[in-house]
Amino acid sequence: MESYDVGVLAVLTALILTQSQIDFAVDIDRIERVVPKLAQATGLDLKFDTMVAEDVVLVRAKSVTAADLLKQIAVAIDGEWVPANGGFRLTRPDAKLLECKRAEIASFEASSAKLIETVDRQLREARARSQREPAETVREIRALQARMEPNSVTAMRRLEAQISEMLAQSVMGKAARQALVNIGSKRLAKVPVKQYRLFSSEPLALGIQSTILTSAQLAEMEGFLRQCSDEVLKQRLVSERPMRMMSWLGMYTVIPEYLDGNSKNRPTDKIPRALVRVLRTNETSLEYEVLFVASSGRFIARHREKVSQDPIAGDHAFPIAEGDASTKLKLDAVERWAKGVAYSAGARSSFRADDQVDLSQVAFLADPIKIEPLWFYGKGLLSPLVENTPGNVVVSLPVLEPIKFTYGPKEPTVADAKQEVNKRLVKMNSGDWSIYRPIRRFSERNTGIRRAELKKFYDFTLSGGAPNHAAQARLAFQYPGETFETYINHPYQLLRPGGFPHRLSNSASLAFYGSLSDVEMKQLSVGIPIGQLSRRSLEILEREVFSGRELVEQDLASNPDPIYEVIQLSNEMKLLEMALPNGFTNANRISGSESSFSIVSGYQNGNWSETLDAYGDTSEEFVKGLITELGLAKAMPYDVRSLDIKLLISPTSHVNVGCMTQVPMLKQPSAVKDWPNAVKKSVRHIWADQF
């Protein structure tokens, strides 16, 4: 009887799979919620394995057989349906995982080869042009500097870009490009996305050995730098202090040291080695910096470049058609608000009051179990493109680096949507089906999100709560990199009631702090020997400090100005790998000290302002100044916690691995005069330009 039942079931299953025509559509959602809907639509007993549960898909299908529908969904996620107790179970076999990994490696190697081809072409073109001599370079920099608007960050960024463009045509620029070409695409492909790697002609901790530049090319650089130094002294090129503000923005300086008349160290040393530090920003672009190093380990000069892979015609998931750039996307109020929040927080700029929505309109985002966050991020961009795609469609979405609006004040167009989606997806055709998969098919799936914990955090945020420094550190550790941005930072900005949308911190150093136990967090103030750290903490610390971070030689400056201390020491900074070529030793210690200060964002004339500057040295004077400046307008004070973590290398040198977080002091902004006295007293001034 049992065999008869099994046989009947097999026949019925075959009929369902091959004969019945069905329509099926789901918006962006994860497999664990899609499969039950598939079972209901097909009448089949369908299950899924945990390894594919967090995969996110979008499906649009009309008049298709169940067999074809199930097959194409499996193709999209690189999975398979296997028989299981009279039904089928969706899984991803080891062979498929290996295939995805190999395909991702091959794609990365191909894009790396194209990047090297681009740099090689730039190098040949630079050699064909007349070389820009030091005297000409110095004269043009002086002219640009004279025309620059003082104390303007925008003007300084423009000046830095202009100087970089000039230096790219000099011996320096050609040497930098030659160094990257010498590294080659195979070594370049070993640099993971969003990570640094250091290339050196000598073995170094976490570095990749490579031939960088020949001794003859280094000798040519020595001559170029000596000529620059002589010309600077002749023309008395001196950079003013305001131009040094760029260091607070994570950059080095507008004027390179060897072109700066203030530099105490003339670039006359021999250059025995060059290093290249590479940051792979995404699949098709990178940033690299060439460091020319003296025998002492001192940086004599450095040069930075960016390179992006040239697009190939027709090599896009959604080709951009004529008219796409002028066709605006139809966004609902919540999507417009989300885009404004993302732009405002990312670019530290204001957004219009009429872009705001009532909190109840975004409260649905607080349940990541019922609502897939990637649906909210991607629907305004991806759904319009899919709706205009003929035939049946299945999209397997990237999870770590999701499809979302990019920063920018303008209204997004269809062309903007396609450009964003094309950075994330590739297309394959399968009969009447259009299948879209992540470019990185291996690493962009199944993140293992802790949804119950997320819901608690979202509910806490929705009620006006704000995570403190330690809580943010735990979140940064649990959700590293892009997952922090996707599942922590963006929802926090959207759900935080009433406040200016400051972002939570997501630095690797904060993740290191979050990896420590409660006891270790307390011990950090007195110092912890490296050997006592857990393996997970040590791995995070290694990734953070062995990515080209620089040593600070503490004995180089006597009685420095605290604000400019880093700048005064910068001429003698060295790479950590030079002091610890074999990695950490048991003699190294990690210690940290915490401080706090305050910043204030004001709401005036329908806009949130940037951080307001101070009006006095005491809290009382600062608050009075805010009242005078803002009147009865609303303002939100933020408590800023700064954790200065130092890795001790020697008695006179250390590496800074600091992190900073911002927590709103109020549940919603209000007039300064109405702030609680405790808040008024706790507000402390910090120079706004440090951010």
# chains A, B, ... in the order shown; residues from 1 in each chain; ligands from 1
call {"tool": "select_by_dssp", "arguments": {"residues": "stretch 410-473 of chain A", "states": "helix (DSSP H, G or I)", "output": "JSON, numbers by chain"}}
result
{"A": [414, 415, 416, 417, 418, 419, 420, 421, 422, 451, 452, 453, 454, 455, 456, 457, 458, 459, 460, 461, 462, 469, 470, 471, 472, 473]}
call {"tool": "residues_around", "arguments": {"residues": "A:Thr211", "least_positions_apart": "5", "cutoff": "7 Å", "atoms": "only C-alpha atoms", "output": "list in words"}}
result
Asn182, Ile183 and Ser201 of chain A
call {"tool": "closest_residue", "arguments": {"among": "A:Lys101, A:Arg177, A:Arg92, A:Arg273", "to": "A:Thr214", "atoms": "only C-alpha atoms"}}
result
A:Arg273
call {"tool": "closest_residue", "arguments": {"among": "A:Leu206, A:Ile73, A:Ala84, A:Ala511", "to": "A:Asn582", "atoms": "only C-alpha atoms"}}
result
A:Leu206
call {"tool": "closest_residue", "arguments": {"among": "A:Gly592, A:Pro480, A:Pro402, A:Pro368", "to": "A:Asn506", "atoms": "only C-alpha atoms"}}
result
A:Pro480
call {"tool": "residues_around", "arguments": {"residues": "A:Gln668", "least_positions_apart": "2", "cutoff": "12 Å", "atoms": "only C-alpha atoms", "output": "number ranges by chain"}}
result
A: 462-466, 496-501, 601-603, 634-638, 664-666, 670-672, 674-675
call {"tool": "residues_around", "arguments": {"residues": "stretch 449-460 of chain A", "least_positions_apart": "5", "cutoff": "10 Å", "atoms": "only C-alpha atoms", "output": "PDB file with N, CA, C and O atoms, in the first residue's frame"}}
result
ATOM      1  N   GLU A  54      18.660  32.934   3.976  1.00  0.00           N
ATOM      2  CA  GLU A  54      18.826  34.390   3.963  1.00  0.00           C
ATOM      3  C   GLU A  54      19.074  34.945   2.558  1.00  0.00           C
ATOM      4  O   GLU A  54      19.244  36.159   2.407  1.00  0.00           O
ATOM      5  N   ALA A 363       7.621  53.304  10.639  1.00  0.00           N
ATOM      6  CA  ALA A 363       7.660  52.391  11.782  1.00  0.00           C
ATOM      7  C   ALA A 363       7.652  50.928  11.354  1.00  0.00           C
ATOM      8  O   ALA A 363       8.157  50.064  12.078  1.00  0.00           O
ATOM      9  N   LEU A 365       9.462  49.514   9.370  1.00  0.00           N
ATOM     10  CA  LEU A 365      10.829  49.027   9.200  1.00  0.00           C
ATOM     11  C   LEU A 365      11.395  48.419  10.473  1.00  0.00           C
ATOM     12  O   LEU A 365      12.429  47.752  10.442  1.00  0.00           O
ATOM     13  N   ALA A 366      10.723  48.654  11.584  1.00  0.00           N
ATOM     14  CA  ALA A 366      11.243  48.190  12.869  1.00  0.00           C
ATOM     15  C   ALA A 366      11.065  46.690  13.082  1.00  0.00           C
ATOM     16  O   ALA A 366      11.458  46.176  14.126  1.00  0.00           O
ATOM     17  N   ASP A 367      10.477  45.988  12.131  1.00  0.00           N
ATOM     18  CA  ASP A 367      10.310  44.537  12.265  1.00  0.00           C
ATOM     19  C   ASP A 367      11.062  43.832  11.140  1.00  0.00           C
ATOM     20  O   ASP A 367      10.484  43.525  10.093  1.00  0.00           O
ATOM     21  N   PRO A 368      12.366  43.548  11.322  1.00  0.00           N
ATOM     22  CA  PRO A 368      13.143  42.893  10.261  1.00  0.00           C
ATOM     23  C   PRO A 368      12.801  41.422  10.075  1.00  0.00           C
ATOM     24  O   PRO A 368      13.352  40.780   9.174  1.00  0.00           O
ATOM     25  N   ILE A 369      11.913  40.906  10.920  1.00  0.00           N
ATOM     26  CA  ILE A 369      11.461  39.519  10.737  1.00  0.00           C
ATOM     27  C   ILE A 369      10.352  39.485   9.686  1.00  0.00           C
ATOM     28  O   ILE A 369      10.354  38.650   8.778  1.00  0.00           O
ATOM     29  N   LYS A 370       9.407  40.430   9.789  1.00  0.00           N
ATOM     30  CA  LYS A 370       8.316  40.488   8.815  1.00  0.00           C
ATOM     31  C   LYS A 370       8.697  41.264   7.558  1.00  0.00           C
ATOM     32  O   LYS A 370       8.235  40.951   6.462  1.00  0.00           O
ATOM     33  N   GLU A 372      11.675  42.585   5.050  1.00  0.00           N
ATOM     34  CA  GLU A 372      13.062  42.426   4.639  1.00  0.00           C
ATOM     35  C   GLU A 372      13.651  43.808   4.351  1.00  0.00           C
ATOM     36  O   GLU A 372      13.195  44.509   3.450  1.00  0.00           O
ATOM     37  N   GLY A 465      15.384  55.633  22.017  1.00  0.00           N
ATOM     38  CA  GLY A 465      16.636  55.197  22.628  1.00  0.00           C
ATOM     39  C   GLY A 465      17.810  55.331  21.672  1.00  0.00           C
ATOM     40  O   GLY A 465      17.642  55.315  20.452  1.00  0.00           O
ATOM     41  N   ALA A 466      18.995  55.477  22.232  1.00  0.00           N
ATOM     42  CA  ALA A 466      20.210  55.580  21.429  1.00  0.00           C
ATOM     43  C   ALA A 466      21.291  54.710  22.066  1.00  0.00           C
ATOM     44  O   ALA A 466      21.537  54.825  23.271  1.00  0.00           O
ATOM     45  N   PRO A 467      21.924  53.835  21.309  1.00  0.00           N
ATOM     46  CA  PRO A 467      22.946  52.955  21.893  1.00  0.00           C
ATOM     47  C   PRO A 467      24.163  53.747  22.352  1.00  0.00           C
ATOM     48  O   PRO A 467      24.600  54.666  21.666  1.00  0.00           O
ATOM     49  N   LEU A 475      27.641  46.214  18.320  1.00  0.00           N
ATOM     50  CA  LEU A 475      26.957  46.126  17.028  1.00  0.00           C
ATOM     51  C   LEU A 475      27.957  46.112  15.879  1.00  0.00           C
ATOM     52  O   LEU A 475      27.806  45.366  14.910  1.00  0.00           O
ATOM     53  N   GLN A 478      29.358  42.641  15.715  1.00  0.00           N
ATOM     54  CA  GLN A 478      28.421  41.624  15.238  1.00  0.00           C
ATOM     55  C   GLN A 478      28.058  41.809  13.771  1.00  0.00           C
ATOM     56  O   GLN A 478      27.776  40.836  13.069  1.00  0.00           O
ATOM     57  N   TYR A 479      28.076  43.063  13.304  1.00  0.00           N
ATOM     58  CA  TYR A 479      27.706  43.356  11.921  1.00  0.00           C
ATOM     59  C   TYR A 479      28.840  44.146  11.263  1.00  0.00           C
ATOM     60  O   TYR A 479      28.770  45.358  11.136  1.00  0.00           O
ATOM     61  N   THR A 483      27.424  45.177   6.367  1.00  0.00           N
ATOM     62  CA  THR A 483      26.224  44.731   7.086  1.00  0.00           C
ATOM     63  C   THR A 483      25.859  45.723   8.185  1.00  0.00           C
ATOM     64  O   THR A 483      24.682  45.891   8.503  1.00  0.00           O
ATOM     65  N   TYR A 487      22.075  47.055   8.063  1.00  0.00           N
ATOM     66  CA  TYR A 487      21.122  46.587   9.071  1.00  0.00           C
ATOM     67  C   TYR A 487      21.149  47.394  10.365  1.00  0.00           C
ATOM     68  O   TYR A 487      20.262  47.243  11.209  1.00  0.00           O
ATOM     69  N   ILE A 488      22.156  48.251  10.541  1.00  0.00           N
ATOM     70  CA  ILE A 488      22.244  49.051  11.767  1.00  0.00           C
ATOM     71  C   ILE A 488      22.130  50.538  11.461  1.00  0.00           C
ATOM     72  O   ILE A 488      21.235  51.227  11.944  1.00  0.00           O
ATOM     73  N   PRO A 491      18.782  51.909   9.132  1.00  0.00           N
ATOM     74  CA  PRO A 491      17.538  51.853   9.913  1.00  0.00           C
ATOM     75  C   PRO A 491      17.568  52.796  11.117  1.00  0.00           C
ATOM     76  O   PRO A 491      16.551  53.400  11.458  1.00  0.00           O
ATOM     77  N   TYR A 492      18.735  52.922  11.754  1.00  0.00           N
ATOM     78  CA  TYR A 492      18.837  53.824  12.903  1.00  0.00           C
ATOM     79  C   TYR A 492      18.512  55.257  12.485  1.00  0.00           C
ATOM     80  O   TYR A 492      17.767  55.972  13.170  1.00  0.00           O
ATOM     81  N   LEU A 495      14.677  55.533  11.775  1.00  0.00           N
ATOM     82  CA  LEU A 495      13.763  55.314  12.889  1.00  0.00           C
ATOM     83  C   LEU A 495      14.011  56.256  14.052  1.00  0.00           C
ATOM     84  O   LEU A 495      13.161  56.378  14.937  1.00  0.00           O
ATOM     85  N   ARG A 496      15.167  56.907  14.071  1.00  0.00           N
ATOM     86  CA  ARG A 496      15.485  57.819  15.165  1.00  0.00           C
ATOM     87  C   ARG A 496      14.549  59.017  15.111  1.00  0.00           C
ATOM     88  O   ARG A 496      14.592  59.807  14.169  1.00  0.00           O
TER      89      ARG A 496
END
call {"tool": "select_by_dssp", "arguments": {"residues": "stretch 72-150 of chain A", "states": "strand (DSSP E or B)", "output": "list in words"}}
result
Glu80, Trp81, Val82, Pro83, Ala84, Gly87, Phe88, Arg89, Leu90 and Thr91 of chain A
call {"tool": "write_last_selection", "arguments": {"atoms": "all heavy atoms", "output": "PDB file, in the first residue's frame"}}
result
ATOM      1  N   GLU A  80      19.869  24.106  -5.845  1.00  0.00           N
ATOM      2  CA  GLU A  80      19.259  22.922  -6.460  1.00  0.00           C
ATOM      3  C   GLU A  80      18.073  22.480  -5.613  1.00  0.00           C
ATOM      4  O   GLU A  80      18.088  22.624  -4.386  1.00  0.00           O
ATOM      5  CB  GLU A  80      20.258  21.765  -6.553  1.00  0.00           C
ATOM      6  CG  GLU A  80      21.328  21.929  -7.609  1.00  0.00           C
ATOM      7  CD  GLU A  80      22.231  20.709  -7.708  1.00  0.00           C
ATOM      8  OE1 GLU A  80      21.962  19.715  -6.977  1.00  0.00           O
ATOM      9  OE2 GLU A  80      23.198  20.738  -8.492  1.00  0.00           O
ATOM     10  N   TRP A  81      17.042  21.948  -6.293  1.00  0.00           N
ATOM     11  CA  TRP A  81      15.930  21.293  -5.603  1.00  0.00           C
ATOM     12  C   TRP A  81      16.219  19.802  -5.558  1.00  0.00           C
ATOM     13  O   TRP A  81      16.475  19.189  -6.595  1.00  0.00           O
ATOM     14  CB  TRP A  81      14.610  21.528  -6.331  1.00  0.00           C
ATOM     15  CG  TRP A  81      14.135  22.949  -6.306  1.00  0.00           C
ATOM     16  CD1 TRP A  81      14.323  23.884  -7.272  1.00  0.00           C
ATOM     17  CD2 TRP A  81      13.389  23.583  -5.267  1.00  0.00           C
ATOM     18  NE1 TRP A  81      13.746  25.074  -6.907  1.00  0.00           N
ATOM     19  CE2 TRP A  81      13.156  24.925  -5.674  1.00  0.00           C
ATOM     20  CE3 TRP A  81      12.880  23.176  -4.028  1.00  0.00           C
ATOM     21  CZ2 TRP A  81      12.454  25.834  -4.896  1.00  0.00           C
ATOM     22  CZ3 TRP A  81      12.173  24.090  -3.252  1.00  0.00           C
ATOM     23  CH2 TRP A  81      11.966  25.394  -3.677  1.00  0.00           C
ATOM     24  N   VAL A  82      16.199  19.224  -4.361  1.00  0.00           N
ATOM     25  CA  VAL A  82      16.445  17.781  -4.222  1.00  0.00           C
ATOM     26  C   VAL A  82      15.197  17.130  -3.637  1.00  0.00           C
ATOM     27  O   VAL A  82      14.494  17.739  -2.812  1.00  0.00           O
ATOM     28  CB  VAL A  82      17.668  17.511  -3.324  1.00  0.00           C
ATOM     29  CG1 VAL A  82      18.928  18.086  -3.966  1.00  0.00           C
ATOM     30  CG2 VAL A  82      17.477  18.083  -1.928  1.00  0.00           C
ATOM     31  N   PRO A  83      14.872  15.888  -4.054  1.00  0.00           N
ATOM     32  CA  PRO A  83      13.702  15.199  -3.497  1.00  0.00           C
ATOM     33  C   PRO A  83      13.839  15.035  -1.988  1.00  0.00           C
ATOM     34  O   PRO A  83      14.924  14.751  -1.479  1.00  0.00           O
ATOM     35  CB  PRO A  83      13.729  13.838  -4.206  1.00  0.00           C
ATOM     36  CG  PRO A  83      14.510  14.087  -5.462  1.00  0.00           C
ATOM     37  CD  PRO A  83      15.544  15.094  -5.103  1.00  0.00           C
ATOM     38  N   ALA A  84      12.721  15.210  -1.271  1.00  0.00           N
ATOM     39  CA  ALA A  84      12.748  15.101   0.197  1.00  0.00           C
ATOM     40  C   ALA A  84      11.362  14.749   0.706  1.00  0.00           C
ATOM     41  O   ALA A  84      10.459  15.599   0.714  1.00  0.00           O
ATOM     42  CB  ALA A  84      13.228  16.410   0.818  1.00  0.00           C
ATOM     43  N   GLY A  87       8.405  15.556  -1.367  1.00  0.00           N
ATOM     44  CA  GLY A  87       8.433  16.929  -1.866  1.00  0.00           C
ATOM     45  C   GLY A  87       9.834  17.283  -2.345  1.00  0.00           C
ATOM     46  O   GLY A  87      10.591  16.429  -2.791  1.00  0.00           O
ATOM     47  N   PHE A  88      10.182  18.540  -2.208  1.00  0.00           N
ATOM     48  CA  PHE A  88      11.496  18.998  -2.666  1.00  0.00           C
ATOM     49  C   PHE A  88      12.058  19.996  -1.651  1.00  0.00           C
ATOM     50  O   PHE A  88      11.323  20.743  -1.010  1.00  0.00           O
ATOM     51  CB  PHE A  88      11.398  19.673  -4.038  1.00  0.00           C
ATOM     52  CG  PHE A  88      10.898  18.752  -5.118  1.00  0.00           C
ATOM     53  CD1 PHE A  88       9.543  18.686  -5.427  1.00  0.00           C
ATOM     54  CD2 PHE A  88      11.776  17.933  -5.820  1.00  0.00           C
ATOM     55  CE1 PHE A  88       9.071  17.842  -6.409  1.00  0.00           C
ATOM     56  CE2 PHE A  88      11.313  17.076  -6.804  1.00  0.00           C
ATOM     57  CZ  PHE A  88       9.960  17.028  -7.108  1.00  0.00           C
ATOM     58  N   ARG A  89      13.391  19.990  -1.540  1.00  0.00           N
ATOM     59  CA  ARG A  89      14.081  20.907  -0.630  1.00  0.00           C
ATOM     60  C   ARG A  89      15.111  21.706  -1.417  1.00  0.00           C
ATOM     61  O   ARG A  89      15.894  21.155  -2.191  1.00  0.00           O
ATOM     62  CB  ARG A  89      14.773  20.132   0.484  1.00  0.00           C
ATOM     63  CG  ARG A  89      15.365  21.022   1.582  1.00  0.00           C
ATOM     64  CD  ARG A  89      16.028  20.211   2.684  1.00  0.00           C
ATOM     65  NE  ARG A  89      17.315  19.676   2.254  1.00  0.00           N
ATOM     66  CZ  ARG A  89      17.533  18.411   1.944  1.00  0.00           C
ATOM     67  NH1 ARG A  89      16.531  17.526   1.995  1.00  0.00           N
ATOM     68  NH2 ARG A  89      18.717  18.007   1.581  1.00  0.00           N
ATOM     69  N   LEU A  90      15.071  23.030  -1.230  1.00  0.00           N
ATOM     70  CA  LEU A  90      16.017  23.912  -1.916  1.00  0.00           C
ATOM     71  C   LEU A  90      17.306  23.992  -1.107  1.00  0.00           C
ATOM     72  O   LEU A  90      17.287  24.290   0.091  1.00  0.00           O
ATOM     73  CB  LEU A  90      15.405  25.306  -2.071  1.00  0.00           C
ATOM     74  CG  LEU A  90      16.224  26.343  -2.847  1.00  0.00           C
ATOM     75  CD1 LEU A  90      16.515  25.869  -4.264  1.00  0.00           C
ATOM     76  CD2 LEU A  90      15.482  27.687  -2.883  1.00  0.00           C
ATOM     77  N   THR A  91      18.425  23.717  -1.755  1.00  0.00           N
ATOM     78  CA  THR A  91      19.709  23.709  -1.073  1.00  0.00           C
ATOM     79  C   THR A  91      20.783  24.256  -2.003  1.00  0.00           C
ATOM     80  O   THR A  91      20.512  24.564  -3.164  1.00  0.00           O
ATOM     81  CB  THR A  91      20.070  22.278  -0.613  1.00  0.00           C
ATOM     82  OG1 THR A  91      21.265  22.323   0.175  1.00  0.00           O
ATOM     83  CG2 THR A  91      20.291  21.360  -1.809  1.00  0.00           C
TER      84      THR A  91
END
call {"tool": "closest_residue", "arguments": {"among": "A:Ala67, A:Val171, A:Val526, A:Ile77", "to": "A:Val52", "atoms": "only C-alpha atoms"}}
result
A:Ile77
call {"tool": "residues_around", "arguments": {"residues": "A:Glu577", "least_positions_apart": "6", "cutoff": "8 Å", "atoms": "only C-alpha atoms", "output": "PyMOL selection string"}}
result
chain A and resi 204-205+546+548+583
call {"tool": "write_last_selection", "arguments": {"atoms": "N, CA and C atoms", "output": "PDB file, in the first residue's frame"}}
result
ATOM      1  N   LEU A 204      56.908  41.599   4.576  1.00  0.00           N
ATOM      2  CA  LEU A 204      56.371  42.403   5.672  1.00  0.00           C
ATOM      3  C   LEU A 204      55.089  41.755   6.181  1.00  0.00           C
ATOM      4  N   ALA A 205      54.740  42.029   7.424  1.00  0.00           N
ATOM      5  CA  ALA A 205      53.539  41.445   8.014  1.00  0.00           C
ATOM      6  C   ALA A 205      52.309  41.792   7.188  1.00  0.00           C
ATOM      7  N   PHE A 546      47.574  46.532  10.380  1.00  0.00           N
ATOM      8  CA  PHE A 546      48.481  46.112   9.315  1.00  0.00           C
ATOM      9  C   PHE A 546      47.849  46.353   7.953  1.00  0.00           C
ATOM     10  N   GLY A 548      48.600  49.398   6.458  1.00  0.00           N
ATOM     11  CA  GLY A 548      49.310  50.592   6.053  1.00  0.00           C
ATOM     12  C   GLY A 548      49.211  51.703   7.073  1.00  0.00           C
ATOM     13  N   GLY A 583      54.896  40.737  12.324  1.00  0.00           N
ATOM     14  CA  GLY A 583      53.639  40.806  13.056  1.00  0.00           C
ATOM     15  C   GLY A 583      53.833  41.158  14.519  1.00  0.00           C
TER      16      GLY A 583
END
call {"tool": "residues_around", "arguments": {"residues": "stretch 323-330 of chain A", "least_positions_apart": "5", "cutoff": "8 Å", "atoms": "only C-alpha atoms", "output": "list in words"}}
result
Gly380, Leu381, Pro384, Glu411, Pro412, Thr413, Val414, Ala415 and Asp416 of chain A
call {"tool": "residues_around", "arguments": {"residues": "A:Gln523", "least_positions_apart": "6", "cutoff": "12 Å", "atoms": "only C-alpha atoms", "output": "PDB file with N, CA, C and O atoms, in the first residue's frame"}}
result
ATOM      1  N   TYR A 513      36.993  47.061  19.626  1.00  0.00           N
ATOM      2  CA  TYR A 513      36.553  47.357  20.987  1.00  0.00           C
ATOM      3  C   TYR A 513      35.355  46.486  21.353  1.00  0.00           C
ATOM      4  O   TYR A 513      35.258  45.967  22.472  1.00  0.00           O
ATOM      5  N   LEU A 516      35.947  42.820  22.573  1.00  0.00           N
ATOM      6  CA  LEU A 516      36.501  42.582  23.898  1.00  0.00           C
ATOM      7  C   LEU A 516      35.411  42.178  24.886  1.00  0.00           C
ATOM      8  O   LEU A 516      34.259  42.585  24.756  1.00  0.00           O
ATOM      9  N   SER A 517      35.780  41.401  25.882  1.00  0.00           N
ATOM     10  CA  SER A 517      34.848  41.066  26.955  1.00  0.00           C
ATOM     11  C   SER A 517      34.680  42.287  27.857  1.00  0.00           C
ATOM     12  O   SER A 517      35.440  43.260  27.774  1.00  0.00           O
ATOM     13  N   PRO A 529      48.434  43.086  27.407  1.00  0.00           N
ATOM     14  CA  PRO A 529      49.452  42.488  26.541  1.00  0.00           C
ATOM     15  C   PRO A 529      48.797  41.814  25.335  1.00  0.00           C
ATOM     16  O   PRO A 529      47.747  41.174  25.468  1.00  0.00           O
ATOM     17  N   GLN A 532      47.427  38.260  25.446  1.00  0.00           N
ATOM     18  CA  GLN A 532      46.232  37.915  26.219  1.00  0.00           C
ATOM     19  C   GLN A 532      44.934  38.115  25.446  1.00  0.00           C
ATOM     20  O   GLN A 532      43.868  37.737  25.932  1.00  0.00           O
ATOM     21  N   LEU A 533      45.015  38.715  24.259  1.00  0.00           N
ATOM     22  CA  LEU A 533      43.802  38.932  23.473  1.00  0.00           C
ATOM     23  C   LEU A 533      43.297  37.623  22.888  1.00  0.00           C
ATOM     24  O   LEU A 533      44.078  36.720  22.554  1.00  0.00           O
ATOM     25  N   ARG A 589      51.681  46.064  23.678  1.00  0.00           N
ATOM     26  CA  ARG A 589      50.504  46.208  24.526  1.00  0.00           C
ATOM     27  C   ARG A 589      49.495  47.101  23.819  1.00  0.00           C
ATOM     28  O   ARG A 589      49.852  47.969  23.024  1.00  0.00           O
ATOM     29  N   ILE A 590      48.226  46.889  24.143  1.00  0.00           N
ATOM     30  CA  ILE A 590      47.152  47.718  23.602  1.00  0.00           C
ATOM     31  C   ILE A 590      46.477  48.415  24.780  1.00  0.00           C
ATOM     32  O   ILE A 590      46.174  47.785  25.795  1.00  0.00           O
ATOM     33  N   SER A 591      46.298  49.724  24.695  1.00  0.00           N
ATOM     34  CA  SER A 591      45.670  50.464  25.784  1.00  0.00           C
ATOM     35  C   SER A 591      44.717  51.493  25.201  1.00  0.00           C
ATOM     36  O   SER A 591      44.797  51.840  24.015  1.00  0.00           O
ATOM     37  N   GLY A 592      43.806  51.988  26.032  1.00  0.00           N
ATOM     38  CA  GLY A 592      42.819  52.950  25.544  1.00  0.00           C
ATOM     39  C   GLY A 592      42.384  53.914  26.619  1.00  0.00           C
ATOM     40  O   GLY A 592      42.326  53.565  27.802  1.00  0.00           O
ATOM     41  N   SER A 593      42.106  55.139  26.212  1.00  0.00           N
ATOM     42  CA  SER A 593      41.571  56.144  27.134  1.00  0.00           C
ATOM     43  C   SER A 593      40.361  56.792  26.477  1.00  0.00           C
ATOM     44  O   SER A 593      40.381  57.080  25.276  1.00  0.00           O
TER      45      SER A 593
END
call {"tool": "atom_distance", "arguments": {"atom1": "atom CA of A:Val75", "atom2": "atom CA of A:Ile435"}}
result
7.9 Å
call {"tool": "closest_atom_pairs", "arguments": {"of": "stretch 175-235 of chain A", "to": "stretch 146-168 of chain A", "cutoff": "12 Å", "atoms": "only C-alpha atoms", "output": "tab-separated table"}}
result
residue	atom	partner	partner_atom	distance
A:Ala175	CA	A:Ala168	CA	9.1
A:Ala176	CA	A:Ala168	CA	8.4
A:Arg177	CA	A:Ala168	CA	8.8
A:Gln178	CA	A:Ala168	CA	11.6
A:Phe224	CA	A:Leu167	CA	11.4
A:Leu225	CA	A:Leu167	CA	11.9
A:Cys228	CA	A:Leu167	CA	11.4
